[in-house]
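Chemist: Structure file target.cif, mmCIF, N, CA and C atoms, is pasted below:
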```cif
data_start
loop_
_atom_site.label_atom_id
_atom_site.label_comp_id
_atom_site.auth_asym_id
_atom_site.auth_seq_id
_atom_site.Cartn_x
_atom_site.Cartn_y
_atom_site.Cartn_z
N MET L 1 5.31 14.04 -12.16
CA MET L 1 4.84 12.87 -11.44
C MET L 1 5.54 12.82 -10.09
N LYS L 2 4.77 12.59 -9.04
CA LYS L 2 5.30 12.50 -7.69
C LYS L 2 5.13 11.06 -7.17
N ILE L 3 6.25 10.46 -6.78
CA ILE L 3 6.25 9.11 -6.24
C ILE L 3 6.96 9.12 -4.90
N CYS L 4 6.32 8.53 -3.91
CA CYS L 4 6.93 8.39 -2.58
C CYS L 4 7.33 6.94 -2.37
N ILE L 5 8.57 6.73 -2.01
CA ILE L 5 9.05 5.40 -1.63
C ILE L 5 9.05 5.34 -0.12
N ILE L 6 8.36 4.34 0.41
CA ILE L 6 8.25 4.15 1.85
C ILE L 6 8.84 2.78 2.20
N ASN L 7 9.85 2.80 3.04
CA ASN L 7 10.49 1.56 3.50
C ASN L 7 10.23 1.35 4.98
N GLY L 8 9.99 0.11 5.33
CA GLY L 8 9.68 -0.25 6.70
C GLY L 8 10.88 -0.72 7.49
N PRO L 9 10.63 -1.53 8.51
CA PRO L 9 11.64 -1.88 9.50
C PRO L 9 12.85 -2.61 8.91
N ASN L 10 13.99 -2.23 9.44
CA ASN L 10 15.29 -2.81 9.16
C ASN L 10 15.84 -2.48 7.78
N LEU L 11 15.07 -1.79 6.94
CA LEU L 11 15.58 -1.45 5.62
C LEU L 11 16.59 -0.30 5.69
N ASN L 12 16.67 0.36 6.84
CA ASN L 12 17.74 1.32 7.07
C ASN L 12 19.09 0.62 7.20
N LEU L 13 19.09 -0.69 7.34
CA LEU L 13 20.33 -1.46 7.48
C LEU L 13 20.80 -2.08 6.17
N LEU L 14 20.16 -1.73 5.05
CA LEU L 14 20.61 -2.26 3.76
C LEU L 14 22.08 -1.90 3.56
N GLY L 15 22.82 -2.85 3.02
CA GLY L 15 24.25 -2.68 2.85
C GLY L 15 25.04 -3.33 3.98
N LYS L 16 24.38 -3.51 5.13
CA LYS L 16 25.00 -4.15 6.29
C LYS L 16 24.29 -5.46 6.64
N ARG L 17 22.97 -5.45 6.50
CA ARG L 17 22.13 -6.57 6.95
C ARG L 17 22.10 -7.68 5.89
N GLU L 18 22.46 -8.86 6.25
CA GLU L 18 22.37 -10.03 5.38
C GLU L 18 22.64 -9.71 3.91
N PRO L 19 23.87 -9.34 3.58
CA PRO L 19 24.16 -8.96 2.20
C PRO L 19 23.90 -10.06 1.18
N GLU L 20 23.93 -11.32 1.64
CA GLU L 20 23.64 -12.43 0.72
C GLU L 20 22.17 -12.44 0.30
N VAL L 21 21.30 -11.81 1.08
CA VAL L 21 19.88 -11.71 0.76
C VAL L 21 19.55 -10.35 0.17
N TYR L 22 20.10 -9.28 0.79
CA TYR L 22 19.68 -7.91 0.46
C TYR L 22 20.71 -7.10 -0.30
N GLY L 23 21.88 -7.67 -0.56
CA GLY L 23 22.91 -6.95 -1.30
C GLY L 23 23.77 -6.09 -0.39
N SER L 24 24.73 -5.40 -0.98
CA SER L 24 25.71 -4.64 -0.20
C SER L 24 25.57 -3.13 -0.37
N GLN L 25 24.57 -2.69 -1.10
CA GLN L 25 24.38 -1.26 -1.34
C GLN L 25 23.38 -0.68 -0.34
N THR L 26 23.66 0.52 0.15
CA THR L 26 22.69 1.18 1.02
C THR L 26 21.52 1.68 0.18
N PHE L 27 20.37 1.85 0.82
CA PHE L 27 19.24 2.37 0.06
C PHE L 27 19.47 3.82 -0.34
N GLU L 28 20.13 4.58 0.50
CA GLU L 28 20.39 5.98 0.18
C GLU L 28 21.21 6.09 -1.10
N ASP L 29 22.23 5.23 -1.27
CA ASP L 29 23.02 5.23 -2.50
C ASP L 29 22.16 4.80 -3.69
N TYR L 30 21.36 3.77 -3.50
CA TYR L 30 20.49 3.32 -4.58
C TYR L 30 19.47 4.39 -4.95
N PHE L 31 18.96 5.11 -3.97
CA PHE L 31 17.97 6.17 -4.21
C PHE L 31 18.54 7.24 -5.14
N LEU L 32 19.81 7.58 -4.98
CA LEU L 32 20.45 8.55 -5.88
C LEU L 32 20.49 8.00 -7.31
N THR L 33 20.79 6.74 -7.46
CA THR L 33 20.81 6.08 -8.77
C THR L 33 19.42 6.10 -9.39
N LEU L 34 18.41 5.78 -8.59
CA LEU L 34 17.03 5.76 -9.07
C LEU L 34 16.60 7.15 -9.55
N LYS L 35 16.94 8.17 -8.78
CA LYS L 35 16.59 9.53 -9.16
C LYS L 35 17.28 9.94 -10.46
N SER L 36 18.51 9.49 -10.67
CA SER L 36 19.22 9.84 -11.91
C SER L 36 18.65 9.09 -13.12
N LYS L 37 18.09 7.89 -12.91
CA LYS L 37 17.48 7.13 -14.01
C LYS L 37 16.14 7.71 -14.43
N PHE L 38 15.46 8.39 -13.50
CA PHE L 38 14.14 8.94 -13.76
C PHE L 38 14.10 10.42 -13.36
N PRO L 39 14.85 11.26 -14.09
CA PRO L 39 14.96 12.67 -13.67
C PRO L 39 13.66 13.46 -13.73
N SER L 40 12.68 12.98 -14.48
CA SER L 40 11.42 13.71 -14.58
C SER L 40 10.47 13.42 -13.42
N ILE L 41 10.82 12.47 -12.58
CA ILE L 41 9.96 12.11 -11.45
C ILE L 41 10.44 12.81 -10.19
N ASP L 42 9.49 13.37 -9.47
CA ASP L 42 9.75 14.00 -8.19
C ASP L 42 9.61 12.92 -7.11
N PHE L 43 10.75 12.39 -6.66
CA PHE L 43 10.77 11.33 -5.66
C PHE L 43 10.89 11.90 -4.25
N THR L 44 10.20 11.27 -3.32
CA THR L 44 10.48 11.47 -1.91
C THR L 44 10.72 10.09 -1.31
N TYR L 45 11.47 10.07 -0.23
CA TYR L 45 11.82 8.80 0.41
C TYR L 45 11.60 8.92 1.91
N TYR L 46 11.01 7.88 2.47
CA TYR L 46 10.74 7.83 3.90
C TYR L 46 11.00 6.42 4.40
N GLN L 47 11.64 6.31 5.55
CA GLN L 47 11.88 5.02 6.19
C GLN L 47 11.58 5.13 7.67
N SER L 48 10.93 4.11 8.21
CA SER L 48 10.69 4.04 9.64
C SER L 48 10.64 2.59 10.08
N ASN L 49 11.05 2.37 11.32
CA ASN L 49 10.94 1.06 11.95
C ASN L 49 9.65 0.94 12.74
N ILE L 50 8.83 1.98 12.72
CA ILE L 50 7.65 2.05 13.57
C ILE L 50 6.38 1.99 12.72
N GLU L 51 5.54 1.01 12.99
CA GLU L 51 4.34 0.76 12.19
C GLU L 51 3.44 1.99 12.08
N GLY L 52 3.14 2.64 13.18
CA GLY L 52 2.25 3.81 13.16
C GLY L 52 2.79 4.95 12.32
N GLU L 53 4.10 5.13 12.33
CA GLU L 53 4.72 6.18 11.50
C GLU L 53 4.55 5.86 10.02
N LEU L 54 4.65 4.59 9.66
CA LEU L 54 4.44 4.19 8.26
C LEU L 54 3.00 4.46 7.84
N ILE L 55 2.06 4.13 8.71
CA ILE L 55 0.64 4.38 8.43
C ILE L 55 0.41 5.88 8.27
N SER L 56 0.98 6.69 9.14
CA SER L 56 0.82 8.15 9.04
C SER L 56 1.38 8.68 7.73
N LYS L 57 2.52 8.15 7.30
CA LYS L 57 3.12 8.61 6.03
C LYS L 57 2.24 8.20 4.85
N ILE L 58 1.72 6.99 4.87
CA ILE L 58 0.81 6.53 3.80
C ILE L 58 -0.39 7.46 3.72
N GLN L 59 -0.97 7.80 4.87
CA GLN L 59 -2.11 8.71 4.89
C GLN L 59 -1.73 10.11 4.44
N ASP L 60 -0.53 10.55 4.80
CA ASP L 60 -0.06 11.89 4.45
C ASP L 60 0.07 12.09 2.94
N VAL L 61 0.60 11.10 2.23
CA VAL L 61 0.84 11.24 0.79
C VAL L 61 -0.23 10.54 -0.06
N GLY L 62 -1.12 9.83 0.58
CA GLY L 62 -2.06 8.95 -0.11
C GLY L 62 -3.19 9.59 -0.87
N PHE L 63 -3.25 10.91 -0.86
CA PHE L 63 -4.30 11.60 -1.61
C PHE L 63 -3.70 12.66 -2.54
N SER L 64 -2.37 12.83 -2.52
CA SER L 64 -1.76 13.90 -3.29
C SER L 64 -0.63 13.44 -4.21
N TYR L 65 -0.17 12.23 -4.05
CA TYR L 65 0.92 11.71 -4.90
C TYR L 65 0.35 10.86 -6.02
N ASP L 66 1.18 10.66 -7.05
CA ASP L 66 0.77 9.83 -8.18
C ASP L 66 1.02 8.35 -7.92
N GLY L 67 1.90 8.05 -6.98
CA GLY L 67 2.19 6.66 -6.68
C GLY L 67 2.98 6.52 -5.39
N ILE L 68 2.81 5.38 -4.76
CA ILE L 68 3.59 5.00 -3.58
C ILE L 68 4.21 3.65 -3.87
N ILE L 69 5.50 3.55 -3.61
CA ILE L 69 6.21 2.27 -3.66
C ILE L 69 6.49 1.91 -2.21
N LEU L 70 5.92 0.81 -1.76
CA LEU L 70 5.99 0.43 -0.35
C LEU L 70 6.69 -0.90 -0.16
N ASN L 71 7.77 -0.86 0.60
CA ASN L 71 8.39 -2.07 1.10
C ASN L 71 8.20 -2.04 2.61
N ALA L 72 7.17 -2.69 3.09
CA ALA L 72 6.83 -2.64 4.51
C ALA L 72 7.65 -3.63 5.33
N GLY L 73 8.61 -4.30 4.70
CA GLY L 73 9.44 -5.25 5.43
C GLY L 73 8.57 -6.28 6.14
N ALA L 74 8.94 -6.62 7.35
CA ALA L 74 8.23 -7.65 8.10
C ALA L 74 6.78 -7.28 8.40
N TYR L 75 6.45 -5.97 8.40
CA TYR L 75 5.06 -5.56 8.63
C TYR L 75 4.14 -6.05 7.51
N THR L 76 4.70 -6.38 6.37
CA THR L 76 3.91 -6.95 5.27
C THR L 76 3.11 -8.15 5.76
N HIS L 77 3.73 -8.94 6.61
CA HIS L 77 3.17 -10.22 7.02
C HIS L 77 2.38 -10.14 8.33
N THR L 78 2.34 -8.95 8.94
CA THR L 78 1.71 -8.85 10.26
C THR L 78 0.74 -7.68 10.41
N SER L 79 0.82 -6.67 9.55
CA SER L 79 0.11 -5.41 9.82
C SER L 79 -1.19 -5.27 9.03
N ILE L 80 -2.28 -5.56 9.71
CA ILE L 80 -3.59 -5.29 9.13
C ILE L 80 -3.78 -3.78 9.00
N GLY L 81 -3.20 -3.02 9.94
CA GLY L 81 -3.30 -1.56 9.92
C GLY L 81 -2.71 -0.94 8.67
N ILE L 82 -1.57 -1.42 8.22
CA ILE L 82 -0.97 -0.90 6.99
C ILE L 82 -1.83 -1.29 5.79
N GLY L 83 -2.32 -2.51 5.77
CA GLY L 83 -3.23 -2.92 4.70
C GLY L 83 -4.47 -2.05 4.65
N ASP L 84 -5.04 -1.74 5.81
CA ASP L 84 -6.22 -0.88 5.87
C ASP L 84 -5.90 0.55 5.42
N ALA L 85 -4.72 1.04 5.75
CA ALA L 85 -4.32 2.39 5.33
C ALA L 85 -4.25 2.48 3.81
N ILE L 86 -3.72 1.45 3.18
CA ILE L 86 -3.64 1.43 1.72
C ILE L 86 -5.03 1.39 1.11
N LYS L 87 -5.90 0.63 1.73
CA LYS L 87 -7.28 0.52 1.24
C LYS L 87 -8.02 1.86 1.34
N ALA L 88 -7.63 2.69 2.31
CA ALA L 88 -8.32 3.95 2.58
C ALA L 88 -7.91 5.11 1.69
N ILE L 89 -6.76 5.00 1.01
CA ILE L 89 -6.24 6.13 0.22
C ILE L 89 -6.59 5.98 -1.26
N THR L 90 -6.36 7.04 -2.02
CA THR L 90 -6.64 7.01 -3.45
C THR L 90 -5.38 6.82 -4.31
N THR L 91 -4.21 7.10 -3.76
CA THR L 91 -2.96 6.94 -4.50
C THR L 91 -2.66 5.45 -4.67
N PRO L 92 -2.36 5.02 -5.89
CA PRO L 92 -2.02 3.60 -6.08
C PRO L 92 -0.69 3.23 -5.41
N VAL L 93 -0.66 2.01 -4.89
CA VAL L 93 0.51 1.50 -4.16
C VAL L 93 1.03 0.26 -4.87
N ILE L 94 2.35 0.23 -5.05
CA ILE L 94 3.02 -0.98 -5.52
C ILE L 94 3.79 -1.56 -4.34
N GLU L 95 3.49 -2.79 -4.00
CA GLU L 95 4.21 -3.49 -2.93
C GLU L 95 5.52 -4.03 -3.52
N VAL L 96 6.62 -3.78 -2.82
CA VAL L 96 7.94 -4.18 -3.30
C VAL L 96 8.66 -4.96 -2.22
N HIS L 97 9.39 -5.98 -2.67
CA HIS L 97 10.31 -6.71 -1.78
C HIS L 97 11.59 -6.98 -2.54
N ILE L 98 12.69 -6.85 -1.86
CA ILE L 98 14.01 -7.07 -2.47
C ILE L 98 14.22 -8.55 -2.74
N SER L 99 13.85 -9.38 -1.77
CA SER L 99 14.01 -10.82 -1.93
C SER L 99 12.71 -11.43 -2.44
N ASN L 100 12.80 -12.66 -2.88
CA ASN L 100 11.60 -13.40 -3.26
C ASN L 100 11.03 -14.00 -1.98
N THR L 101 10.01 -13.37 -1.44
CA THR L 101 9.47 -13.80 -0.16
C THR L 101 8.92 -15.22 -0.20
N PHE L 102 8.55 -15.69 -1.39
CA PHE L 102 8.00 -17.04 -1.51
C PHE L 102 9.07 -18.13 -1.51
N SER L 103 10.33 -17.73 -1.60
CA SER L 103 11.42 -18.71 -1.52
C SER L 103 12.03 -18.72 -0.12
N ARG L 104 11.39 -18.01 0.81
CA ARG L 104 11.89 -17.91 2.18
C ARG L 104 10.93 -18.60 3.15
N GLU L 105 11.00 -18.28 4.41
CA GLU L 105 10.19 -18.93 5.42
C GLU L 105 8.70 -18.79 5.09
N SER L 106 7.91 -19.77 5.50
CA SER L 106 6.50 -19.80 5.12
C SER L 106 5.72 -18.60 5.67
N PHE L 107 6.10 -18.05 6.82
CA PHE L 107 5.37 -16.89 7.33
C PHE L 107 5.50 -15.68 6.42
N ARG L 108 6.52 -15.65 5.56
CA ARG L 108 6.70 -14.54 4.62
C ARG L 108 5.81 -14.68 3.37
N HIS L 109 5.07 -15.76 3.26
CA HIS L 109 4.20 -15.96 2.10
C HIS L 109 2.89 -15.20 2.24
N GLN L 110 2.55 -14.77 3.44
CA GLN L 110 1.32 -14.01 3.71
C GLN L 110 1.60 -12.51 3.58
N SER L 111 0.72 -11.78 2.89
CA SER L 111 0.83 -10.32 2.81
C SER L 111 -0.52 -9.69 3.09
N TYR L 112 -0.52 -8.73 4.02
CA TYR L 112 -1.72 -7.95 4.29
C TYR L 112 -1.79 -6.71 3.40
N ILE L 113 -0.81 -6.58 2.51
CA ILE L 113 -0.73 -5.43 1.60
C ILE L 113 -1.20 -5.79 0.20
N SER L 114 -0.81 -6.94 -0.29
CA SER L 114 -1.04 -7.32 -1.69
C SER L 114 -2.48 -7.14 -2.16
N GLY L 115 -3.44 -7.51 -1.35
CA GLY L 115 -4.84 -7.43 -1.74
C GLY L 115 -5.34 -6.01 -1.97
N ASN L 116 -4.63 -5.03 -1.43
CA ASN L 116 -5.03 -3.63 -1.58
C ASN L 116 -4.07 -2.86 -2.49
N ALA L 117 -3.05 -3.52 -2.99
CA ALA L 117 -2.04 -2.86 -3.83
C ALA L 117 -2.41 -2.99 -5.31
N LYS L 118 -1.89 -2.04 -6.09
CA LYS L 118 -2.06 -2.09 -7.54
C LYS L 118 -1.29 -3.28 -8.12
N GLY L 119 -0.16 -3.59 -7.50
CA GLY L 119 0.67 -4.69 -7.97
C GLY L 119 1.75 -5.01 -6.97
N VAL L 120 2.49 -6.09 -7.25
CA VAL L 120 3.56 -6.56 -6.38
C VAL L 120 4.78 -6.87 -7.24
N VAL L 121 5.94 -6.39 -6.79
CA VAL L 121 7.21 -6.72 -7.44
C VAL L 121 8.13 -7.27 -6.37
N LEU L 122 8.65 -8.47 -6.59
CA LEU L 122 9.55 -9.04 -5.59
C LEU L 122 10.59 -9.93 -6.22
N GLY L 123 11.72 -10.00 -5.52
CA GLY L 123 12.75 -10.95 -5.90
C GLY L 123 13.81 -10.46 -6.86
N PHE L 124 13.81 -9.18 -7.21
CA PHE L 124 14.77 -8.66 -8.18
C PHE L 124 15.81 -7.76 -7.52
N GLY L 125 16.03 -7.94 -6.23
CA GLY L 125 16.96 -7.07 -5.52
C GLY L 125 16.45 -5.64 -5.52
N LEU L 126 17.36 -4.69 -5.44
CA LEU L 126 16.96 -3.29 -5.45
C LEU L 126 16.29 -2.89 -6.76
N LYS L 127 16.54 -3.65 -7.82
CA LYS L 127 15.89 -3.37 -9.11
C LYS L 127 14.37 -3.49 -9.01
N SER L 128 13.87 -4.16 -7.97
CA SER L 128 12.42 -4.24 -7.75
C SER L 128 11.81 -2.85 -7.67
N TYR L 129 12.53 -1.90 -7.08
CA TYR L 129 12.02 -0.52 -6.98
C TYR L 129 11.93 0.12 -8.37
N GLU L 130 12.93 -0.10 -9.20
CA GLU L 130 12.93 0.44 -10.56
C GLU L 130 11.76 -0.13 -11.37
N LEU L 131 11.51 -1.42 -11.21
CA LEU L 131 10.39 -2.04 -11.92
C LEU L 131 9.07 -1.45 -11.44
N ALA L 132 8.98 -1.15 -10.15
CA ALA L 132 7.77 -0.52 -9.62
C ALA L 132 7.59 0.89 -10.21
N VAL L 133 8.66 1.64 -10.32
CA VAL L 133 8.60 2.97 -10.93
C VAL L 133 8.08 2.85 -12.35
N GLN L 134 8.63 1.91 -13.11
CA GLN L 134 8.21 1.74 -14.50
C GLN L 134 6.73 1.42 -14.61
N SER L 135 6.17 0.78 -13.62
CA SER L 135 4.74 0.46 -13.67
C SER L 135 3.87 1.71 -13.61
N PHE L 136 4.41 2.80 -13.08
CA PHE L 136 3.66 4.06 -13.02
C PHE L 136 3.80 4.88 -14.30
N LEU L 137 4.76 4.55 -15.14
CA LEU L 137 4.99 5.33 -16.36
C LEU L 137 4.11 4.88 -17.51
#
```
Take the structure from the file and write it as structure tokens.
Modeler:
Amino acid sequence: MKICIINGPNLNLLGKREPEVYGSQTFEDYFLTLKSKFPSIDFTYYQSNIEGELISKIQDVGFSYDGIILNAGAYTHTSIGIGDAIKAITTPVIEVHISNTFSRESFRHQSYISGNAKGVVLGFGLKSYELAVQSFL
């Protein structure tokens, strides 16, 4: 099974950025933990702060992978283009958020991804990614 994790803007700052919201662990460290929990899964990881690069990656893996776990960060609430990219591919996508976006500012309650995703996992910290992986098993 091949799963691609795609993280959007500012998620490269995990471990430094607002630890009270996002925790103190880097995603790279967590990714090693995730790979060790699911050794039979072939994981790839991609992060970009640039919307078009995220769309290109979704298109690149969207017809050949078994699953995509996408945390589009703030683009979740603004990017019709990312939502359209998900709609255009055949690989199922799970939308993930570390925080509970519904307990935050009202602009974070809107998602242009959810309507095209297989499912949404949010509010469980980095464990949200693990729950998304389990949804593919």
Chemist: Mind giving me the straight-line distance from atom N of Thr44 of chain L to atom C of Leu137 of chain L in Å, one decimal?
Modeler: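 Taking atom N of Thr44 of chain L as the start and atom C of Leu137 of chain L as the end point, the length is 16.7 Å.
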Chemist: Do a neighbour search on Tyr30 of chain L at 10 Å with only C-alpha atoms, toss out local chain neighbours closer than 6 positions, and write the hits as a list of chain:residue names.
Modeler: L:Ser36, L:Leu126, L:Lys127, L:Tyr129
Chemist: Apply DSSP to the backbone of this structure and, from segment 1-135 of chain L, keep only the residues in helix (DSSP H, G or I); write these as number ranges by chain.
Modeler: L: 11-13, 19-22, 27-37, 51-61, 73-77, 80-88, 101-103, 106-109, 114-116, 127-135
Chemist: Check which residues satisfy the PyMOL selection byres (((chain L and resi 42 and name CA) around 9) and name CA) in the file shown, then give them as a PyMOL selection string.
Modeler: chain L and resi 1-4+35+38-41+43-44
Chemist: I want to know what sits within 5 Å of Val96 of chain L, based on all atoms listed in the file, with residues of the same chain fewer than 3 positions away left out; could you give that as a PDB file with N, CA and C atoms, in the frame of the given file?
Modeler:
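File produced: result-v7.pdb:
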```
ATOM      1  N   LEU L  70       5.920   0.810  -1.760  1.00  0.00           N
ATOM      2  CA  LEU L  70       5.990   0.430  -0.350  1.00  0.00           C
ATOM      3  C   LEU L  70       6.690  -0.900  -0.160  1.00  0.00           C
ATOM      4  N   ASN L  71       7.770  -0.860   0.600  1.00  0.00           N
ATOM      5  CA  ASN L  71       8.390  -2.070   1.100  1.00  0.00           C
ATOM      6  C   ASN L  71       8.200  -2.040   2.610  1.00  0.00           C
ATOM      7  N   VAL L 121       5.940  -6.390  -6.790  1.00  0.00           N
ATOM      8  CA  VAL L 121       7.210  -6.720  -7.440  1.00  0.00           C
ATOM      9  C   VAL L 121       8.130  -7.270  -6.370  1.00  0.00           C
TER      10      VAL L 121
END
```
Chemist: In Å to one decimal, how far is atom C of Arg17 of chain L from atom C of Ile113 of chain L?
Modeler: 24.1 Å
Chemist: When you count only N, CA and C atoms, which of these residues is closest to Leu54 of chain L: L:Ser128, L:Asn7, L:Ser135, L:Ser114?
Modeler: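 Ranking L:Ser128, L:Asn7, L:Ser135, L:Ser114 by distance to Leu54 of chain L, first place goes to L:Asn7.
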Chemist: Kindly give the distance, in Å, that separates atom C of Tyr46 of chain L and atom C of Glu18 of chain L, rounded to a single decimal.
Modeler: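 Atom C of Glu18 of chain L lies 19.9 Å from atom C of Tyr46 of chain L.
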Chemist: Can you pull out every residue within 6.5 Å of Ile94 of chain L, counting only N, CA and C atoms, but drop anything in the same chain fewer than 5 positions away, and send it as a list in words?
Modeler: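 Neighbouring residues, sequence-local ones excluded: Gly67, Ile68, Ile69, Leu70, Asn71, Ala117, Lys118, Gly119, Val120, Val121 and Ala132 of chain L.
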Chemist: If you run DSSP on the backbone here, which positions in chain L get strand (DSSP E)? Please write them as a PyMOL selection string.
Modeler: chain L and resi 2-7+42-47+67-71+93-97+119-122
Chemist: How would the residues just chosen look if you wrote them out with N, CA and C atoms as an mmCIF file, in the coordinates of the input?
Modeler:
```
data_model
loop_
_atom_site.group_PDB
_atom_site.id
_atom_site.type_symbol
_atom_site.label_atom_id
_atom_site.label_comp_id
_atom_site.auth_asym_id
_atom_site.auth_seq_id
_atom_site.Cartn_x
_atom_site.Cartn_y
_atom_site.Cartn_z
ATOM 1 N N LYS L 2 4.770 12.590 -9.040
ATOM 2 C CA LYS L 2 5.300 12.500 -7.690
ATOM 3 C C LYS L 2 5.130 11.060 -7.170
ATOM 4 N N ILE L 3 6.250 10.460 -6.780
ATOM 5 C CA ILE L 3 6.250 9.110 -6.240
ATOM 6 C C ILE L 3 6.960 9.120 -4.900
ATOM 7 N N CYS L 4 6.320 8.530 -3.910
ATOM 8 C CA CYS L 4 6.930 8.390 -2.580
ATOM 9 C C CYS L 4 7.330 6.940 -2.370
ATOM 10 N N ILE L 5 8.570 6.730 -2.010
ATOM 11 C CA ILE L 5 9.050 5.400 -1.630
ATOM 12 C C ILE L 5 9.050 5.340 -0.120
ATOM 13 N N ILE L 6 8.360 4.340 0.410
ATOM 14 C CA ILE L 6 8.250 4.150 1.850
ATOM 15 C C ILE L 6 8.840 2.780 2.200
ATOM 16 N N ASN L 7 9.850 2.800 3.040
ATOM 17 C CA ASN L 7 10.490 1.560 3.500
ATOM 18 C C ASN L 7 10.230 1.350 4.980
ATOM 19 N N ASP L 42 9.490 13.370 -9.470
ATOM 20 C CA ASP L 42 9.750 14.000 -8.190
ATOM 21 C C ASP L 42 9.610 12.920 -7.110
ATOM 22 N N PHE L 43 10.750 12.390 -6.660
ATOM 23 C CA PHE L 43 10.770 11.330 -5.660
ATOM 24 C C PHE L 43 10.890 11.900 -4.250
ATOM 25 N N THR L 44 10.200 11.270 -3.320
ATOM 26 C CA THR L 44 10.480 11.470 -1.910
ATOM 27 C C THR L 44 10.720 10.090 -1.310
ATOM 28 N N TYR L 45 11.470 10.070 -0.230
ATOM 29 C CA TYR L 45 11.820 8.800 0.410
ATOM 30 C C TYR L 45 11.600 8.920 1.910
ATOM 31 N N TYR L 46 11.010 7.880 2.470
ATOM 32 C CA TYR L 46 10.740 7.830 3.900
ATOM 33 C C TYR L 46 11.000 6.420 4.400
ATOM 34 N N GLN L 47 11.640 6.310 5.550
ATOM 35 C CA GLN L 47 11.880 5.020 6.190
ATOM 36 C C GLN L 47 11.580 5.130 7.670
ATOM 37 N N GLY L 67 1.900 8.050 -6.980
ATOM 38 C CA GLY L 67 2.190 6.660 -6.680
ATOM 39 C C GLY L 67 2.980 6.520 -5.390
ATOM 40 N N ILE L 68 2.810 5.380 -4.760
ATOM 41 C CA ILE L 68 3.590 5.000 -3.580
ATOM 42 C C ILE L 68 4.210 3.650 -3.870
ATOM 43 N N ILE L 69 5.500 3.550 -3.610
ATOM 44 C CA ILE L 69 6.210 2.270 -3.660
ATOM 45 C C ILE L 69 6.490 1.910 -2.210
ATOM 46 N N LEU L 70 5.920 0.810 -1.760
ATOM 47 C CA LEU L 70 5.990 0.430 -0.350
ATOM 48 C C LEU L 70 6.690 -0.900 -0.160
ATOM 49 N N ASN L 71 7.770 -0.860 0.600
ATOM 50 C CA ASN L 71 8.390 -2.070 1.100
ATOM 51 C C ASN L 71 8.200 -2.040 2.610
ATOM 52 N N VAL L 93 -0.660 2.010 -4.890
ATOM 53 C CA VAL L 93 0.510 1.500 -4.160
ATOM 54 C C VAL L 93 1.030 0.260 -4.870
ATOM 55 N N ILE L 94 2.350 0.230 -5.050
ATOM 56 C CA ILE L 94 3.020 -0.980 -5.520
ATOM 57 C C ILE L 94 3.790 -1.560 -4.340
ATOM 58 N N GLU L 95 3.490 -2.790 -4.000
ATOM 59 C CA GLU L 95 4.210 -3.490 -2.930
ATOM 60 C C GLU L 95 5.520 -4.030 -3.520
ATOM 61 N N VAL L 96 6.620 -3.780 -2.820
ATOM 62 C CA VAL L 96 7.940 -4.180 -3.300
ATOM 63 C C VAL L 96 8.660 -4.960 -2.220
ATOM 64 N N HIS L 97 9.390 -5.980 -2.670
ATOM 65 C CA HIS L 97 10.310 -6.710 -1.780
ATOM 66 C C HIS L 97 11.590 -6.980 -2.540
ATOM 67 N N GLY L 119 -0.160 -3.590 -7.500
ATOM 68 C CA GLY L 119 0.670 -4.690 -7.970
ATOM 69 C C GLY L 119 1.750 -5.010 -6.970
ATOM 70 N N VAL L 120 2.490 -6.090 -7.250
ATOM 71 C CA VAL L 120 3.560 -6.560 -6.380
ATOM 72 C C VAL L 120 4.780 -6.870 -7.240
ATOM 73 N N VAL L 121 5.940 -6.390 -6.790
ATOM 74 C CA VAL L 121 7.210 -6.720 -7.440
ATOM 75 C C VAL L 121 8.130 -7.270 -6.370
ATOM 76 N N LEU L 122 8.650 -8.470 -6.590
ATOM 77 C CA LEU L 122 9.550 -9.040 -5.590
ATOM 78 C C LEU L 122 10.590 -9.930 -6.220
#
```
Chemist: Which residues, named as in the file, does the PyMOL selection byres ((chain L and resi 124) around 6) pick out? Answer as a ChimeraX atom specification.
Modeler: /L:97-100,122-123,125-128
Chemist: Dump N, CA and C atoms for the selected residues as a JSON list (two decimals), keeping the file's coordinate frame?
Modeler:
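Output file result35.json is given in full below:
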```json
[["chain", "number", "residue", "atom", "x", "y", "z"],
["L", 97, "HIS", "N", 9.39, -5.98, -2.67],
["L", 97, "HIS", "CA", 10.31, -6.71, -1.78],
["L", 97, "HIS", "C", 11.59, -6.98, -2.54],
["L", 98, "ILE", "N", 12.69, -6.85, -1.86],
["L", 98, "ILE", "CA", 14.01, -7.07, -2.47],
["L", 98, "ILE", "C", 14.22, -8.55, -2.74],
["L", 99, "SER", "N", 13.85, -9.38, -1.77],
["L", 99, "SER", "CA", 14.01, -10.82, -1.93],
["L", 99, "SER", "C", 12.71, -11.43, -2.44],
["L", 100, "ASN", "N", 12.80, -12.66, -2.88],
["L", 100, "ASN", "CA", 11.60, -13.40, -3.26],
["L", 100, "ASN", "C", 11.03, -14.00, -1.98],
["L", 122, "LEU", "N", 8.65, -8.47, -6.59],
["L", 122, "LEU", "CA", 9.55, -9.04, -5.59],
["L", 122, "LEU", "C", 10.59, -9.93, -6.22],
["L", 123, "GLY", "N", 11.72, -10.00, -5.52],
["L", 123, "GLY", "CA", 12.75, -10.95, -5.90],
["L", 123, "GLY", "C", 13.81, -10.46, -6.86],
["L", 125, "GLY", "N", 16.03, -7.94, -6.23],
["L", 125, "GLY", "CA", 16.96, -7.07, -5.52],
["L", 125, "GLY", "C", 16.45, -5.64, -5.52],
["L", 126, "LEU", "N", 17.36, -4.69, -5.44],
["L", 126, "LEU", "CA", 16.96, -3.29, -5.45],
["L", 126, "LEU", "C", 16.29, -2.89, -6.76],
["L", 127, "LYS", "N", 16.54, -3.65, -7.82],
["L", 127, "LYS", "CA", 15.89, -3.37, -9.11],
["L", 127, "LYS", "C", 14.37, -3.49, -9.01],
["L", 128, "SER", "N", 13.87, -4.16, -7.97],
["L", 128, "SER", "CA", 12.42, -4.24, -7.75],
["L", 128, "SER", "C", 11.81, -2.85, -7.67]]
```
Chemist: Looking at L:Ile50, L:Ala72, L:Val61, L:Leu14, which one is nearest to Glu95 of chain L, with distances taken over all atoms listed in the file?
Modeler: L:Ala72
